[in-house]
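Novice: One file: coords-v7.cif (mmCIF, C-alpha atoms).
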data_query
#
loop_
_atom_site.label_atom_id
_atom_site.label_comp_id
_atom_site.auth_asym_id
_atom_site.auth_seq_id
_atom_site.Cartn_x
_atom_site.Cartn_y
_atom_site.Cartn_z
CA MET A 1025 7.46 9.96 -0.26
CA LEU A 1026 5.98 11.81 2.71
CA PRO A 1027 6.10 15.60 2.85
CA GLU A 1028 8.30 16.87 5.69
CA PRO A 1029 5.41 17.84 8.03
CA PHE A 1030 4.13 14.25 7.93
CA LYS A 1031 7.66 12.90 8.42
CA GLY A 1032 8.11 15.10 11.46
CA VAL A 1033 4.95 13.76 13.11
CA LEU A 1034 5.84 10.19 12.23
CA ASN A 1035 9.36 10.51 13.66
CA ARG A 1036 7.97 11.86 16.92
CA VAL A 1037 5.46 9.00 17.09
CA ILE A 1038 8.28 6.48 16.65
CA LYS A 1039 10.32 8.15 19.41
CA ALA A 1040 7.31 8.14 21.73
CA LEU A 1041 6.75 4.46 20.96
CA ASN A 1042 10.38 3.74 21.80
CA VAL A 1043 10.06 5.49 25.15
CA VAL A 1044 7.57 2.79 26.10
CA LYS A 1045 8.62 -0.27 24.10
CA SER A 1046 12.33 -0.05 24.92
CA ARG A 1047 11.68 -0.19 28.68
CA PRO A 1048 9.98 -3.27 30.17
CA LEU A 1049 8.88 -1.33 33.27
CA ALA A 1050 7.31 1.40 31.14
CA THR A 1051 5.50 -1.23 29.07
CA TRP A 1052 4.12 -2.81 32.23
CA LEU A 1053 3.04 0.53 33.72
CA LEU A 1054 1.21 1.46 30.51
CA LYS A 1055 -0.55 -1.90 30.58
CA VAL A 1056 -1.71 -1.26 34.14
CA LEU A 1057 -2.92 2.23 33.21
CA CYS A 1058 -4.82 0.90 30.19
CA GLY A 1059 -6.41 -1.77 32.36
CA ASP A 1060 -7.52 0.81 34.92
CA MET A 1061 -9.02 2.94 32.15
CA SER A 1062 -10.77 -0.09 30.53
CA SER A 1063 -8.98 0.61 27.27
CA THR A 1064 -9.53 -1.50 24.16
CA HIS A 1065 -5.76 -2.22 24.00
CA GLU A 1066 -3.16 -2.65 26.71
CA ALA A 1067 0.08 -2.42 24.73
CA LEU A 1068 1.72 -0.60 21.85
CA LEU A 1069 3.18 -2.26 18.75
CA PHE A 1070 6.69 -1.84 17.38
CA HIS A 1071 6.98 0.46 14.34
CA THR A 1072 9.25 -1.34 11.89
CA GLU A 1073 10.51 -0.10 8.52
CA VAL A 1074 10.71 -3.68 7.21
CA LYS A 1075 7.07 -4.74 7.42
CA TRP A 1076 4.36 -2.54 5.94
CA LEU A 1077 1.54 -4.27 7.81
CA SER A 1078 3.25 -3.88 11.20
CA LYS A 1079 4.00 -0.24 10.48
CA GLY A 1080 0.36 0.58 9.76
CA LYS A 1081 -0.91 -1.34 12.79
CA ALA A 1082 1.58 0.41 15.07
CA ARG A 1083 0.31 3.83 13.96
CA LYS A 1084 -3.30 2.76 14.48
CA ARG A 1085 -2.58 1.41 17.97
CA PHE A 1086 -0.75 4.61 18.93
CA PHE A 1087 -3.70 6.69 17.74
CA ASP A 1088 -6.26 4.51 19.56
CA LEU A 1089 -4.29 4.81 22.84
CA ARG A 1090 -3.49 8.50 22.51
CA GLY A 1091 -5.48 9.45 25.63
CA GLU A 1092 -3.75 6.82 27.76
CA LEU A 1093 -0.35 7.68 26.26
CA GLN A 1094 -0.79 11.36 27.03
CA ILE A 1095 -1.33 10.57 30.71
CA PHE A 1096 1.47 8.00 30.80
CA LEU A 1097 4.11 10.12 29.05
CA ALA A 1098 3.24 13.10 31.24
CA SER A 1099 3.87 10.87 34.28
CA GLN A 1100 7.28 10.02 32.80
CA ASN A 1101 8.12 13.73 32.39
CA ALA A 1102 8.23 13.28 28.59
CA SER A 1103 6.66 16.68 27.90
CA GLU A 1104 8.25 16.92 24.43
CA TYR A 1105 5.49 14.62 23.13
CA GLU A 1106 2.59 16.61 24.55
CA SER A 1107 1.67 18.27 21.25
CA LEU A 1108 1.13 14.83 19.68
CA PHE A 1109 -2.01 14.64 21.79
CA THR A 1110 -3.10 18.27 22.17
CA ASP A 1111 -2.28 20.08 18.91
CA GLU A 1112 -5.17 19.73 16.47
CA PHE A 1113 -3.05 20.09 13.35
CA THR A 1114 -0.59 17.45 14.57
CA LEU A 1115 -3.41 15.07 15.47
CA CYS A 1116 -4.97 15.52 12.04
CA LYS A 1117 -1.69 14.68 10.34
CA LEU A 1118 -1.42 11.56 12.50
CA ALA A 1119 -5.01 10.60 11.68
CA TYR A 1120 -4.24 10.86 7.96
CA LEU A 1121 -1.18 8.63 8.39
CA VAL A 1122 -3.39 6.08 10.16
CA ASN A 1123 -5.99 6.12 7.38
CA ILE A 1124 -3.56 5.94 4.45
CA SER A 1125 -1.67 3.10 6.18
CA GLU A 1126 -4.91 1.16 6.60
CA ILE A 1127 -5.68 1.64 2.91
CA PHE A 1128 -2.23 0.38 1.94
CA ASN A 1129 -2.50 -2.60 4.29
CA SER A 1130 -5.86 -3.55 2.82
CA MET A 1131 -4.53 -3.38 -0.74
CA ASN A 1132 -1.33 -5.19 0.23
CA THR A 1133 -3.14 -8.16 1.77
CA GLY A 1134 -5.60 -8.21 -1.14
CA LEU A 1135 -2.73 -8.75 -3.58
CA GLN A 1136 -1.33 -11.71 -1.68
CA GLY A 1137 -2.20 -15.33 -2.28
CA LYS A 1138 -0.98 -18.60 -3.71
CA GLU A 1139 0.73 -18.19 -7.10
CA SER A 1140 -0.08 -14.46 -7.16
CA THR A 1141 1.86 -12.54 -9.77
CA ILE A 1142 1.83 -8.89 -10.74
CA ILE A 1143 -0.07 -9.53 -13.96
CA GLN A 1144 -2.68 -11.85 -12.50
CA TYR A 1145 -6.08 -10.59 -13.63
CA LEU A 1146 -7.39 -9.73 -10.16
CA CYS A 1147 -4.09 -8.12 -9.13
CA LEU A 1148 -4.08 -5.98 -12.26
CA LYS A 1149 -7.64 -4.87 -11.62
CA LYS A 1150 -6.86 -3.96 -8.00
CA ILE A 1151 -3.79 -1.95 -8.99
CA LEU A 1152 -5.66 -0.13 -11.76
CA SER A 1153 -8.50 0.53 -9.33
CA PHE A 1154 -6.10 1.95 -6.74
CA LYS A 1155 -4.55 4.29 -9.32
CA MET A 1156 -8.00 5.59 -10.24
CA LYS A 1157 -8.89 6.03 -6.57
CA LEU A 1158 -5.76 8.12 -5.99
CA GLU A 1159 -6.82 10.46 -8.78
CA LEU A 1160 -10.33 10.67 -7.31
CA TRP A 1161 -8.98 11.38 -3.80
CA ILE A 1162 -6.79 14.21 -5.10
CA THR A 1163 -9.87 15.80 -6.67
CA LYS A 1164 -11.87 15.40 -3.46
CA ILE A 1165 -9.07 16.76 -1.26
CA ASN A 1166 -8.83 19.82 -3.48
CA GLN A 1167 -12.55 20.25 -2.82
CA LYS A 1168 -11.91 19.80 0.93
CA GLU A 1169 -13.77 16.49 1.10
CA LEU A 1170 -12.46 13.82 3.50
CA CYS A 1171 -15.01 11.00 3.30
CA MET A 1172 -12.30 8.54 2.12
CA PHE A 1173 -10.32 9.15 5.35
CA PRO A 1174 -12.90 8.57 8.11
CA THR A 1175 -10.60 8.93 11.13
CA LEU A 1176 -9.30 12.23 9.82
CA ALA A 1177 -12.80 13.39 8.85
CA GLN A 1178 -14.04 12.93 12.43
CA LEU A 1179 -11.18 14.98 13.85
CA VAL A 1180 -11.58 17.79 11.33
CA GLU A 1181 -15.31 17.95 12.05
CA LYS A 1182 -14.58 18.48 15.75
CA ALA A 1183 -11.59 20.79 15.26
CA ALA A 1184 -11.94 24.23 16.81
CA ASN A 1185 -9.52 25.86 14.36
CA GLU A 1186 -9.24 25.92 10.58
CA ILE A 1187 -6.67 23.51 9.15
CA ASP A 1188 -6.62 24.57 5.52
CA ASP A 1189 -2.90 23.82 5.20
CA LEU A 1190 -3.65 20.14 5.79
CA TYR A 1191 -5.46 19.75 2.47
CA GLY A 1192 -2.44 20.97 0.54
CA LEU A 1193 -0.15 18.54 2.39
CA ILE A 1194 -2.44 15.59 1.72
CA SER A 1195 -2.82 16.54 -1.93
CA GLU A 1196 0.97 16.72 -2.28
CA GLN A 1197 1.41 13.31 -0.67
CA LEU A 1198 -1.28 11.69 -2.84
CA GLU A 1199 0.29 13.17 -5.97
CA ASN A 1200 3.66 11.74 -4.89
CA LEU A 1201 2.00 8.36 -4.41
CA THR A 1202 0.46 8.56 -7.87
CA VAL A 1203 3.86 9.23 -9.45
CA GLN A 1204 5.41 6.31 -7.54
CA ILE A 1205 2.63 3.90 -8.45
CA ARG A 1206 2.88 4.86 -12.12
CA SER A 1207 6.65 4.32 -12.07
CA TYR A 1208 6.16 0.77 -10.79
CA PHE A 1209 3.04 -0.10 -12.79
CA TYR A 1210 3.43 1.82 -16.03
CA ASP A 1211 0.94 1.58 -18.93
CA GLU A 1212 3.21 -0.58 -21.11
CA CYS A 1213 3.18 -3.17 -18.34
CA TYR A 1214 -0.53 -3.75 -18.91
CA LYS A 1215 -0.17 -3.99 -22.68
CA SER A 1216 2.42 -6.77 -22.48
CA SER A 1217 0.48 -8.52 -19.73
CA SER A 1218 -2.43 -9.41 -22.01
CA LEU A 1219 -0.01 -11.43 -24.14
CA THR A 1220 1.20 -13.29 -21.06
CA ILE A 1221 -2.24 -13.91 -19.58
CA ASN A 1222 -3.69 -15.37 -22.79
CA PRO A 1223 -1.56 -15.37 -25.94
CA PHE A 1224 -4.40 -16.90 -27.93
CA ASN A 1225 -6.56 -13.81 -27.38
CA ALA A 1226 -3.72 -11.35 -28.01
CA SER A 1227 -2.95 -9.70 -31.33
CA VAL A 1228 0.38 -9.50 -33.13
CA SER A 1229 0.39 -5.72 -32.58
CA GLU A 1230 0.95 -6.36 -28.86
CA VAL A 1231 4.11 -8.36 -29.51
CA PRO A 1232 7.65 -6.99 -29.93
CA GLU A 1233 8.85 -7.14 -33.54
CA ALA A 1234 11.53 -9.77 -32.77
CA ALA A 1235 8.86 -12.18 -31.53
CA GLU A 1236 6.09 -11.58 -34.06
CA GLU A 1237 6.65 -14.63 -36.26
CA GLU A 1238 7.17 -16.93 -33.30
CA PHE A 1239 3.99 -15.56 -31.74
CA ILE A 1240 2.03 -16.42 -34.90
CA ASP A 1241 3.44 -19.97 -34.77
CA LEU A 1242 2.43 -20.28 -31.10
CA LYS A 1243 -1.05 -18.93 -31.66
CA ASN A 1244 -1.73 -21.50 -34.40
CA ASN A 1245 -0.15 -24.45 -32.59
CA PHE A 1246 -2.84 -26.93 -31.47
CA GLU A 1247 -0.53 -28.63 -28.98
CA ALA A 1248 0.21 -25.29 -27.32
CA LYS A 1249 -3.53 -24.53 -27.11
CA SER A 1250 -4.02 -27.86 -25.39
CA TRP A 1251 -1.26 -27.07 -22.87
CA PHE A 1252 -2.81 -23.68 -22.18
CA GLY A 1253 -6.15 -25.24 -21.30
CA GLU A 1254 -4.65 -27.88 -19.00
CA LEU A 1255 -1.78 -26.15 -17.19
CA GLN A 1256 -1.32 -23.26 -14.78
CA LEU A 1257 -0.12 -20.09 -16.50
CA GLN A 1258 3.41 -20.40 -15.06
CA GLU A 1259 3.61 -24.07 -16.10
CA PHE A 1260 2.38 -23.29 -19.60
CA TRP A 1261 5.13 -20.75 -20.27
CA ALA A 1262 7.77 -22.93 -18.64
CA ILE A 1263 7.00 -25.80 -20.99
CA SER A 1264 6.58 -23.52 -24.02
CA VAL A 1265 10.09 -22.13 -23.70
CA GLN A 1266 11.52 -25.13 -25.59
CA LYS A 1267 9.49 -24.54 -28.76
CA PHE A 1268 8.87 -20.81 -28.45
CA PRO A 1269 11.87 -19.37 -26.56
CA VAL A 1270 11.57 -15.70 -27.53
CA ILE A 1271 7.91 -15.20 -26.74
CA SER A 1272 8.17 -17.39 -23.65
CA GLU A 1273 11.03 -15.31 -22.27
CA ILE A 1274 8.90 -12.16 -22.57
CA ALA A 1275 6.02 -13.85 -20.75
CA ILE A 1276 8.23 -15.30 -18.00
CA ARG A 1277 9.76 -11.87 -17.32
CA ASN A 1278 6.25 -10.53 -16.84
CA LEU A 1279 5.42 -13.36 -14.44
CA LEU A 1280 8.50 -13.02 -12.23
CA PRO A 1281 7.62 -9.94 -10.14
CA PHE A 1282 5.44 -10.53 -7.11
CA PRO A 1283 2.72 -7.98 -6.35
CA THR A 1284 3.87 -7.56 -2.72
CA THR A 1285 6.88 -8.35 -0.53
#
Translate this file's structure into structure tokens.

Specialist:
Amino acid sequence: MLPEPFKGVLNRVIKALNVVKSRPLATWLLKVLCGDMSSTHEALLFHTEVKWLSKGKARKRFFDLRGELQIFLASQNASEYESLFTDEFTLCKLAYLVNISEIFNSMNTGLQGKESTIIQYLCLKKILSFKMKLELWITKINQKELCMFPTLAQLVEKAANEIDDLYGLISEQLENLTVQIRSYFYDECYKSSSLTINPFNASVSEVPEAAEEEFIDLKNNFEAKSWFGELQLQEFWAISVQKFPVISEIAIRNLLPFPTT
């Protein structure tokens, strides 16, 4: 959840985007202006609440074209958006939103792939790594270090005024993210995942009491070991459900969630 100051900036960015994207003539005029200024981009992107990747890219494009947008919106008498381009504190908040969105997009795409599940080894490692990074970033922000947010770091370095309040806002947002991530990927999730990933390396202490005896039967079943070596993880548990229904149901429930949507 974003703190209100970040929400306020984001809402104004979305409104500014809509001023351009909802009007074909305005879109064309901005394209002409960007062409005249030899800009890297010539158009904005829609900011959608449905797609995380699109949302992050839209923020980045807005930030990259902020000089061109300032001129264009001024020509459209949209003075209410002027501070998005001139106020240092506002620009720094926008830069942070750009950086954190890029980080999320990178993690999101890294979790995708054929037959990816939330307990897949690489997915687990990436999620655990991200949780540890969040804790590291909170420590660094409290020390007023911004190396993990390069776009923001450049702005702060050039800022004429002190922006001490920004560090508190970022720390609050990162702490909120940490709480959310932990609620989705809690520690017990990782304990039960080792059973699902390889039951033959797991111990009976990792298994719920109702499934302990069945787990021992599975672990000492030579046919099941053969299946495990020959089949995909999902296929193994699907075929095991006939002989080992209780333990298989636990494993299948762990396999159902996808890491991203």

Novice: Just so the selection is clear, what residues does the PyMOL selection byres ((chain A and resi 1114) around 10) cover here, as a list in words?

Specialist: Pro1029, Phe1030, Gly1032, Val1033, Leu1034, Ser1107, Leu1108, Phe1109, Thr1110, Asp1111, Glu1112, Phe1113, Leu1115, Cys1116, Lys1117, Leu1118, Ala1119 and Leu1190 of chain A

Novice: Find the spatial neighbours of A:Glu1273, counting only C-alpha atoms, within a cut-off of 12 Å - ignore same-chain residues fewer than 2 positions away - and output them as a list in words.

Specialist: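 These residues fall inside the cut-off: Leu1219, Thr1220, Pro1232, Ala1234, Ala1235, Glu1238, Phe1239, Gln1258, Trp1261, Ala1262, Ile1263, Ser1264, Val1265, Gln1266, Lys1267, Phe1268, Pro1269, Val1270, Ile1271, Ala1275, Ile1276, Arg1277, Asn1278, Leu1279 and Leu1280 of chain A.
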
Novice: What lies within 12 Å of stretch 1169-1178 of chain A using all atoms listed in the file, ignoring chain neighbours under 5 positions off, as a ChimeraX atom specification?

Specialist: /A:1084,1087-1088,1112-1127,1157-1158,1160-1164,1183,1187-1188,1190-1191,1194-1195

Novice: Expressed in Å to a single decimal, how great is the separation between atom CA of A:Gln1204 and atom CA of A:Asn1129?

Specialist: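 For atom CA of A:Gln1204 relative to atom CA of A:Asn1129, the distance reads 16.8 Å.
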
Novice: Would you compute the distance between atom CA of A:Lys1243 and atom CA of A:Leu1152? Give it in Å to one decimal.

Specialist: 27.8 Å

Novice: For the atom pair atom CA of A:Leu1179 and atom CA of A:Lys1150, what is the interatomic distance in Å to one decimal place?

Specialist: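 If I compute the distance from atom CA of A:Leu1179 to atom CA of A:Lys1150, I get 29.2 Å.
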
Novice: Pick out the closest residue to A:Leu1257 from this set: A:Asn1222, A:Ser1099, A:Gln1197, A:Asn1185. Count all atoms listed in the file.

Specialist: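 Smallest separation from A:Leu1257 among the options: A:Asn1222.
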
Novice: Under the PyMOL selection byres ((chain A and resi 1104) around 12), which residues of this model are included? Write them out as a list in words.

Specialist: Arg1036, Val1037, Lys1039, Ala1040, Val1043, Gln1094, Leu1097, Ala1098, Gln1100, Asn1101, Ala1102, Ser1103, Tyr1105, Glu1106, Ser1107, Leu1108, Phe1109 and Thr1110 of chain A

Novice: Would you please work out which residue, of A:Leu1242, A:Gly1080, A:Leu1148, A:Gln1167, is nearest to A:Asn1225 when using only C-alpha atoms?

Specialist: A:Leu1242

Novice: Might I get the box with edges along x, y and z of the file that holds all atoms of stretch 1081-1093 of chain A listed there, padded by 4 Å on every side, given as centre and edge lengths in Å to one decimal, as AutoDock Vina command-line options?

Specialist:
--center_x -2.3 --center_y 4.1 --center_z 20.3 --size_x 15.8 --size_y 18.8 --size_z 23.0

Novice: Of the residues A:Leu1193, A:Ser1218, A:Glu1181, A:Asn1132, which is the one nearest to A:Lys1031, using all atoms listed in the file?

Specialist: A:Leu1193

Novice: Of the candidates A:Leu1041, A:Leu1026, A:Met1156, A:Val1228, which one gets nearest to A:Phe1086 if we count all atoms listed in the file?

Specialist: A:Leu1041
